[in-house]
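Student: Okay, here's the structure, questions in a sec.
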Amino acid sequence: MPSVPAHRVVSRVSRQLVVKQQPSANLSDSTIMIRMQAAGVCGTDLAMLSGTRLCHAEVLGHEGVGVVVSAPENCGVQKGARVILNPVHRTQPDVVIGHSRDGIFREIFWLDASEASQGSLLVECPKQCSLADAELALAEPLASVLYSIELLRKKRNATSLLIRGSGTIAILAAKVWSTIEGSSAVLVSKSETHAQWLRQAIDWPGNVKVWSLETKQGSGASAHVDSAILCCSREDAPAGLHFLMDTIQDNATIDLMAGFPPEYKEPRLAGVGMDRIRWNNICGVQSGPFTTVVDQNTRKILDLVGHRGTSEKHILQAVELLSRRAVSLTDVPHRQITLEELPATVGEMLSPARHSTNWIKAIVAFPKEAFGEKNGQS
């Protein structure tokens with residue numbers, strides 16, 4: 001019977017994060033135990049803390065990489081393997097690590113082996129991979145971007161992309177679309193101040209432009225855009241969708257990476273329920289067609305698509321891109337922090353002065369000492 005020693009965990013207490021000491025405990029023989037190496041903070045974590053997204057988990061965090069400390073025989077992963085979390089359960093998409101159940105903002109994370117296998121919740125990193133743990137923390141969000149672009153490509157051989165958003169996902173989407181796909185992209189930030197900082201802080205390819213809603217610079221240059229990604233905050237999602245619908249061409253496709261408020265129905269689209277569209281594509285499996293709608297304001301015909309989670313295939317593709325530096329953690333202004341620094345860092349990310357910081361992504365780096373050493377075990 002595996003035993004997990006006392007370890008540190010960051011718990012959610014109402015809308016605050018608090019560092020706690022988790023007592024030691026015995027686990028079931030069917031448990032996979034993982035020593036966390038790195039964990040990214042994403043917009044969903046912030047939305048759950050701000051109250052704009054429902055959350056059942058006491059421990060947040062779903063983007064991360066760790067090392068298997070113990071595992072049952074023949075469970076798909078072995079002791080010593082480096083694994084990437086794939087948080088959405090493949091067959092039960094309501095089950096999400098860090099959302100509906102406790103996540104990875106803790107030194108030691110564990111899950112049931114059969115559930116991990118059935119849900120494809122762990123992806124083993126290729127043994128030859130030399131990427132640092134902090135870089136691998138970017139694999140799951142990058143995989144989600146690859147999934148988004150794959151869906152957009154299913155509809156048409158798109159030549160241009162409009163992105164409403166300016167966080168990690170938006171940056172990765174612009175980089176992948178312009179560098180890997182070789183097509184032009186326009187990233188639109190909410191604030192001109194933030195857009196100016198993005199232009200200076202990131203080494204953009206020549207076929208990427210960064211504009212803002214404030215200046216409306218994106219509109220004229222984007223009139224012939226045939227594909228778009230909505231990846232702004234949940235609060236801004238309705239207005240962001242309106243911007244895309246006003247800007248893109250007739251018969252274009254919009255991928256809804258952003259979530260919408262519960263039960264939100266878009267009046268310009270005859271009351272279509274927006275969030276459910278994302279449930280047509282779960283972890284790489286398509287269960288429904290694109291949603292074709294007519295914008296009542298512009299009379300444009302638009303195709304809407306979205307997805308929840310990603311797949312092992314996309315995560316391994318992301319690892320490959322990161323390994324050959326086609327996309328890199330250096331592309332995303334970031335800050336590495338300790339677990340103790342996580343509550344204060346998240347407070348900064350939720351503050352009204354968020355855009356005055358010189359980083360976008362926060363990544364928790366965990367201690368590298370061997371498992372049990374810091375707890376007095378051999």
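Labels for the structure tokens follow display order: chains A, B, ..., residues from 1 in each chain, ligands from 1.
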May I have a table of the residues of segment 121-177 of chain A lying at most 8 Å from segment 83-92 of chain A, giving each one's closest pair of atoms and their distance in Å to one decimal, counting only C-alpha atoms, ordered by chain and ascending residue number, as a Markdown table?
Tutor:
| residue | atom | partner | partner_atom | distance |
| --- | --- | --- | --- | --- |
| A:Leu121 | CA | A:Asn86 | CA | 4.6 |
| A:Leu122 | CA | A:Leu85 | CA | 5.0 |
| A:Val123 | CA | A:Ile84 | CA | 5.1 |
| A:Glu124 | CA | A:Val83 | CA | 4.4 |
| A:Cys125 | CA | A:Val83 | CA | 5.4 |
| A:Leu136 | CA | A:Ile84 | CA | 7.5 |
| A:Ala137 | CA | A:Ile84 | CA | 7.7 |
| A:Ala139 | CA | A:Ile84 | CA | 7.7 |
| A:Glu140 | CA | A:Asn86 | CA | 6.7 |
Student: List the spatial neighbours of Pro262 of chain A as a PyMOL selection string - criterion: any atom at most 10 Å away, only C-alpha atoms, same-chain residues fewer than 4 positions off excluded.
Tutor: chain A and resi 52-54+234+273-276
Student: Using only C-alpha atoms, please write the residues we just selected to a file, as a JSON list (two decimals), in the first residue's frame.
Tutor:
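In the end it all went to selection18.json:
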[["chain", "number", "residue", "atom", "x", "y", "z"],
["A", 52, "THR", "CA", -17.03, 33.85, -13.03],
["A", 53, "ARG", "CA", -16.69, 30.09, -13.48],
["A", 54, "LEU", "CA", -18.20, 27.36, -11.31],
["A", 234, "ARG", "CA", -15.33, 34.51, -19.90],
["A", 273, "GLY", "CA", -26.57, 28.36, -26.60],
["A", 274, "MET", "CA", -22.87, 29.14, -26.94],
["A", 275, "ASP", "CA", -21.14, 27.00, -24.35],
["A", 276, "ARG", "CA", -22.68, 23.74, -25.56]]
Student: Just list the residues in segment 131-350 of chain A DSSP gives alpha helix (DSSP H) on the backbone, as a ChimeraX atom specification.
Tutor: /A:133-136,139-155,168-175,192-201,217-221,237-247,312-323,342-350
Student: Could you write out that same residue set with C-alpha atoms as a short mmCIF file (atom, residue, chain, number, x, y, z; two decimals), in the first residue's frame?
Tutor:
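What landed in result-v9.cif:
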data_model
loop_
_atom_site.label_atom_id
_atom_site.label_comp_id
_atom_site.auth_asym_id
_atom_site.auth_seq_id
_atom_site.Cartn_x
_atom_site.Cartn_y
_atom_site.Cartn_z
CA ASP A 133 9.82 20.81 -16.78
CA ALA A 134 8.74 24.46 -17.03
CA GLU A 135 8.72 24.16 -20.82
CA LEU A 136 6.63 20.98 -20.63
CA ALA A 139 2.44 21.33 -23.59
CA GLU A 140 -1.24 21.05 -22.64
CA PRO A 141 -2.23 24.65 -23.56
CA LEU A 142 -0.23 24.35 -26.79
CA ALA A 143 -2.00 21.05 -27.51
CA SER A 144 -5.34 22.83 -27.11
CA VAL A 145 -4.23 25.41 -29.67
CA LEU A 146 -3.21 22.63 -32.08
CA TYR A 147 -6.65 21.07 -31.62
CA SER A 148 -8.30 24.42 -32.37
CA ILE A 149 -6.32 24.91 -35.56
CA GLU A 150 -7.04 21.34 -36.63
CA LEU A 151 -10.77 22.04 -36.29
CA LEU A 152 -10.51 25.28 -38.27
CA ARG A 153 -8.62 23.46 -41.01
CA LYS A 154 -11.37 20.84 -41.26
CA LYS A 155 -13.77 23.46 -42.56
CA THR A 168 -1.04 32.63 -23.45
CA ILE A 169 -3.49 30.87 -25.78
CA ALA A 170 -3.72 33.87 -28.10
CA ILE A 171 0.07 34.19 -28.32
CA LEU A 172 0.54 30.48 -28.99
CA ALA A 173 -2.23 30.50 -31.62
CA ALA A 174 -0.65 33.44 -33.45
CA LYS A 175 2.78 31.80 -33.31
CA GLU A 192 -4.02 49.59 -26.54
CA THR A 193 -1.51 49.87 -23.70
CA HIS A 194 -1.34 46.10 -23.48
CA ALA A 195 -1.13 45.79 -27.26
CA GLN A 196 1.83 48.16 -27.36
CA TRP A 197 3.58 46.11 -24.69
CA LEU A 198 2.90 42.88 -26.60
CA ARG A 199 4.43 44.34 -29.77
CA GLN A 200 7.61 45.16 -27.89
CA ALA A 201 7.84 42.16 -25.56
CA GLN A 217 -6.98 49.01 -36.11
CA GLY A 218 -7.83 45.39 -36.72
CA SER A 219 -11.09 45.99 -38.50
CA GLY A 220 -10.03 47.20 -41.93
CA ALA A 221 -7.08 44.86 -42.26
CA ALA A 237 -16.60 36.48 -24.34
CA PRO A 238 -19.97 37.93 -25.52
CA ALA A 239 -18.40 41.27 -26.55
CA GLY A 240 -15.45 39.41 -28.06
CA LEU A 241 -17.79 37.29 -30.16
CA HIS A 242 -19.57 40.41 -31.39
CA PHE A 243 -16.24 41.92 -32.43
CA LEU A 244 -15.36 38.81 -34.43
CA MET A 245 -18.77 38.64 -36.08
CA ASP A 246 -18.56 42.30 -37.05
CA THR A 247 -15.05 41.92 -38.45
CA GLU A 312 -2.67 12.44 -26.31
CA LYS A 313 -1.98 12.97 -30.00
CA HIS A 314 -2.13 16.75 -29.67
CA ILE A 315 -0.02 16.76 -26.49
CA LEU A 316 2.70 14.69 -28.16
CA GLN A 317 2.56 17.02 -31.17
CA ALA A 318 3.02 19.93 -28.76
CA VAL A 319 6.02 18.24 -27.13
CA GLU A 320 7.55 17.73 -30.58
CA LEU A 321 7.07 21.39 -31.53
CA LEU A 322 8.57 22.52 -28.23
CA SER A 323 11.47 20.08 -28.60
CA LEU A 342 1.45 31.20 -5.83
CA PRO A 343 -1.25 32.96 -3.73
CA ALA A 344 0.36 36.40 -4.05
CA THR A 345 1.09 35.86 -7.75
CA VAL A 346 -2.51 34.92 -8.48
CA GLY A 347 -3.57 38.03 -6.55
CA GLU A 348 -1.50 40.10 -8.98
CA MET A 349 -3.03 38.31 -11.95
CA LEU A 350 -6.54 39.09 -10.68
#
Student: Just list the residues in segment 42-183 of chain A DSSP gives strand (DSSP E) on the backbone, as a PyMOL selection string.
Tutor: chain A and resi 63-70+82-85+108-112+122-124+160-164
Student: Let's have the selection written as a PDB file, in the first residue's frame, with N, CA and C atoms.
Tutor:
ATOM      1  N   GLU A  63      -2.604  22.358 -15.626  1.00  0.00           N
ATOM      2  CA  GLU A  63      -1.548  22.331 -16.635  1.00  0.00           C
ATOM      3  C   GLU A  63      -0.245  21.957 -15.940  1.00  0.00           C
ATOM      4  N   GLY A  64       0.282  20.765 -16.189  1.00  0.00           N
ATOM      5  CA  GLY A  64       1.489  20.447 -15.449  1.00  0.00           C
ATOM      6  C   GLY A  64       2.175  19.170 -15.879  1.00  0.00           C
ATOM      7  N   VAL A  65       3.341  18.959 -15.282  1.00  0.00           N
ATOM      8  CA  VAL A  65       4.168  17.782 -15.550  1.00  0.00           C
ATOM      9  C   VAL A  65       4.733  17.290 -14.227  1.00  0.00           C
ATOM     10  N   GLY A  66       4.853  15.983 -14.094  1.00  0.00           N
ATOM     11  CA  GLY A  66       5.402  15.406 -12.872  1.00  0.00           C
ATOM     12  C   GLY A  66       6.096  14.091 -13.160  1.00  0.00           C
ATOM     13  N   VAL A  67       6.669  13.504 -12.115  1.00  0.00           N
ATOM     14  CA  VAL A  67       7.364  12.227 -12.212  1.00  0.00           C
ATOM     15  C   VAL A  67       6.598  11.198 -11.394  1.00  0.00           C
ATOM     16  N   VAL A  68       6.340  10.038 -11.988  1.00  0.00           N
ATOM     17  CA  VAL A  68       5.610   8.978 -11.309  1.00  0.00           C
ATOM     18  C   VAL A  68       6.485   8.405 -10.191  1.00  0.00           C
ATOM     19  N   VAL A  69       5.964   8.418  -8.985  1.00  0.00           N
ATOM     20  CA  VAL A  69       6.659   7.889  -7.812  1.00  0.00           C
ATOM     21  C   VAL A  69       6.291   6.429  -7.575  1.00  0.00           C
ATOM     22  N   SER A  70       5.027   6.108  -7.751  1.00  0.00           N
ATOM     23  CA  SER A  70       4.585   4.715  -7.628  1.00  0.00           C
ATOM     24  C   SER A  70       3.359   4.523  -8.499  1.00  0.00           C
ATOM     25  N   ARG A  82       8.195  10.511 -16.700  1.00  0.00           N
ATOM     26  CA  ARG A  82       7.744  11.904 -16.650  1.00  0.00           C
ATOM     27  C   ARG A  82       6.430  11.976 -17.414  1.00  0.00           C
ATOM     28  N   VAL A  83       5.388  12.513 -16.778  1.00  0.00           N
ATOM     29  CA  VAL A  83       4.051  12.518 -17.380  1.00  0.00           C
ATOM     30  C   VAL A  83       3.479  13.925 -17.422  1.00  0.00           C
ATOM     31  N   ILE A  84       2.694  14.175 -18.462  1.00  0.00           N
ATOM     32  CA  ILE A  84       1.996  15.447 -18.652  1.00  0.00           C
ATOM     33  C   ILE A  84       0.525  15.216 -18.335  1.00  0.00           C
ATOM     34  N   LEU A  85      -0.059  16.098 -17.533  1.00  0.00           N
ATOM     35  CA  LEU A  85      -1.486  15.980 -17.205  1.00  0.00           C
ATOM     36  C   LEU A  85      -2.342  16.376 -18.399  1.00  0.00           C
ATOM     37  N   ILE A 108       2.584  16.778  -4.239  1.00  0.00           N
ATOM     38  CA  ILE A 108       2.312  15.391  -4.616  1.00  0.00           C
ATOM     39  C   ILE A 108       0.859  15.280  -5.056  1.00  0.00           C
ATOM     40  N   PHE A 109       0.666  14.690  -6.223  1.00  0.00           N
ATOM     41  CA  PHE A 109      -0.679  14.528  -6.794  1.00  0.00           C
ATOM     42  C   PHE A 109      -0.897  13.045  -7.029  1.00  0.00           C
ATOM     43  N   TRP A 110      -2.126  12.574  -6.837  1.00  0.00           N
ATOM     44  CA  TRP A 110      -2.399  11.168  -7.097  1.00  0.00           C
ATOM     45  C   TRP A 110      -3.778  11.006  -7.704  1.00  0.00           C
ATOM     46  N   LEU A 111      -3.949   9.898  -8.410  1.00  0.00           N
ATOM     47  CA  LEU A 111      -5.234   9.577  -9.038  1.00  0.00           C
ATOM     48  C   LEU A 111      -5.337   8.071  -9.209  1.00  0.00           C
ATOM     49  N   ASP A 112      -6.536   7.595  -9.388  1.00  0.00           N
ATOM     50  CA  ASP A 112      -6.777   6.170  -9.552  1.00  0.00           C
ATOM     51  C   ASP A 112      -6.294   5.714 -10.923  1.00  0.00           C
ATOM     52  N   LEU A 122      -3.197  10.934 -18.304  1.00  0.00           N
ATOM     53  CA  LEU A 122      -1.747  11.062 -18.221  1.00  0.00           C
ATOM     54  C   LEU A 122      -1.131  10.728 -19.569  1.00  0.00           C
ATOM     55  N   VAL A 123      -0.220  11.564 -20.017  1.00  0.00           N
ATOM     56  CA  VAL A 123       0.508  11.323 -21.263  1.00  0.00           C
ATOM     57  C   VAL A 123       1.987  11.231 -20.921  1.00  0.00           C
ATOM     58  N   GLU A 124       2.591  10.080 -21.199  1.00  0.00           N
ATOM     59  CA  GLU A 124       4.001   9.914 -20.880  1.00  0.00           C
ATOM     60  C   GLU A 124       4.861  10.701 -21.856  1.00  0.00           C
ATOM     61  N   SER A 160      -6.180  33.146 -43.333  1.00  0.00           N
ATOM     62  CA  SER A 160      -5.922  34.229 -42.387  1.00  0.00           C
ATOM     63  C   SER A 160      -6.691  33.960 -41.103  1.00  0.00           C
ATOM     64  N   LEU A 161      -6.160  34.469 -39.983  1.00  0.00           N
ATOM     65  CA  LEU A 161      -6.750  34.181 -38.685  1.00  0.00           C
ATOM     66  C   LEU A 161      -6.853  35.456 -37.861  1.00  0.00           C
ATOM     67  N   LEU A 162      -8.019  35.673 -37.275  1.00  0.00           N
ATOM     68  CA  LEU A 162      -8.244  36.778 -36.356  1.00  0.00           C
ATOM     69  C   LEU A 162      -8.400  36.200 -34.958  1.00  0.00           C
ATOM     70  N   ILE A 163      -7.629  36.696 -33.998  1.00  0.00           N
ATOM     71  CA  ILE A 163      -7.636  36.168 -32.639  1.00  0.00           C
ATOM     72  C   ILE A 163      -8.090  37.264 -31.693  1.00  0.00           C
ATOM     73  N   ARG A 164      -9.193  37.042 -30.998  1.00  0.00           N
ATOM     74  CA  ARG A 164      -9.631  37.991 -29.970  1.00  0.00           C
ATOM     75  C   ARG A 164      -9.201  37.441 -28.622  1.00  0.00           C
TER      76      ARG A 164
END
Student: Report as a compact mmCIF listing (two decimals) with C-alpha atoms, in the first residue's frame all protein, DNA and RNA residues lying within 7 Å of Ala113 of chain A, evaluated on only C-alpha atoms, omitting residues in the same chain fewer than 3 positions from it.
Tutor:
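Output contents, as saved in around.txt:
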# COMPACT_ATOMS: atom_id res chain seq x y z
CA SER A 30 -4.66 1.14 -7.39
CA THR A 31 -3.26 4.67 -7.03
CA ILE A 32 -0.74 6.40 -9.27
CA CYS A 75 -1.41 0.56 -15.60
CA ALA A 116 -6.33 7.65 -15.48
CA SER A 117 -6.36 4.96 -18.16
Student: Given the choices A:Ser191, A:Ser114, A:Ser11, A:Ser311, which gets closest to Pro72 of chain A if the distance is worked out from only C-alpha atoms?
Tutor: A:Ser114
Student: For a test of reading the model, state the distance in Å between atom CA of Ile301 of chain A and atom CA of Leu256 of chain A, rounded to one decimal.
Tutor: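 Computing it gives 16.1 Å between the two atoms.
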Student: Set the distance at 8 Å and use only C-alpha atoms: which residues neighbour Asp303 of chain A once local chain neighbours fewer than 6 positions away are removed? I'd like the list as a list in words.
Tutor: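 Counting only C-alpha atoms, the residues come to Asn251, Ala252, Thr253, Ile254, Phe290, Thr291, Thr292 and Val293 of chain A.
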Student: Can you pull out the residues contacting Gly103 of chain A? Cut-off 8 Å, using only C-alpha atoms, and skip same-chain residues under 3 positions away; I want them as a ChimeraX atom specification.
Tutor: /A:57,59-62,97-99,106,109
Student: Based on the selection just made, write N, CA and C atoms of those residues as a short mmCIF file (atom, residue, chain, number, x, y, z; two decimals), in the first residue's frame.
Tutor:
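For reference, selection_18.cif as written:
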data_model
loop_
_atom_site.label_atom_id
_atom_site.label_comp_id
_atom_site.auth_asym_id
_atom_site.auth_seq_id
_atom_site.Cartn_x
_atom_site.Cartn_y
_atom_site.Cartn_z
N ALA A 57 -13.48 22.09 -7.12
CA ALA A 57 -12.19 21.65 -6.58
C ALA A 57 -11.70 22.58 -5.47
N VAL A 59 -8.45 22.26 -4.58
CA VAL A 59 -7.10 22.49 -5.11
C VAL A 59 -7.22 22.69 -6.61
N LEU A 60 -6.78 23.85 -7.11
CA LEU A 60 -6.85 24.15 -8.54
C LEU A 60 -5.58 23.65 -9.24
N GLY A 61 -5.49 23.96 -10.52
CA GLY A 61 -4.31 23.61 -11.31
C GLY A 61 -4.54 22.40 -12.19
N HIS A 62 -4.32 22.57 -13.50
CA HIS A 62 -4.54 21.45 -14.43
C HIS A 62 -3.52 21.41 -15.57
N ILE A 97 -9.67 17.54 -13.97
CA ILE A 97 -8.70 17.77 -12.90
C ILE A 97 -8.52 19.27 -12.69
N GLY A 98 -8.62 19.69 -11.45
CA GLY A 98 -8.48 21.11 -11.13
C GLY A 98 -9.75 21.91 -11.30
N HIS A 99 -10.84 21.27 -11.72
CA HIS A 99 -12.14 21.93 -11.88
C HIS A 99 -13.18 21.23 -11.01
N ARG A 106 0.05 21.34 -5.84
CA ARG A 106 0.49 20.62 -4.65
C ARG A 106 1.77 19.86 -5.00
N PHE A 109 0.67 14.69 -6.22
CA PHE A 109 -0.68 14.53 -6.79
C PHE A 109 -0.90 13.05 -7.03
#
Student: To one decimal place in Å, what is the distance between atom CA of Leu17 of chain A and atom CA of Ile360 of chain A?
Tutor: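 Rounded to one decimal, the two atoms are 19.2 Å apart.
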Student: Determine the nearest neighbour of Val285 of chain A from the options A:Gly259, A:Arg308, A:Val95, A:Ile180, counting only C-alpha atoms.
Tutor: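 Between A:Gly259, A:Arg308, A:Val95, A:Ile180, the residue approaching Val285 of chain A most closely is A:Arg308.
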Student: To one decimal place, how far is atom CA of Gln296 of chain A from atom CA of Arg268 of chain A in Å?
Tutor: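 We find that atom CA of Gln296 of chain A and atom CA of Arg268 of chain A lie 5.1 Å from each other.
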Student: Which residues are near Lys300 of chain A? Cut-off 6 Å, only C-alpha atoms, ignore same chain within fewer than 3 positions. Put them as a list in words.
Tutor: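 The contact residues come out as Asp250, Val294 and Asp295 of chain A.
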Student: Can you work out which one of A:Val208, A:Arg101, A:Ala25, A:Arg15 has the shortest atom-to-atom distance to Ser178 of chain A, counting only C-alpha atoms?
Tutor: A:Val208
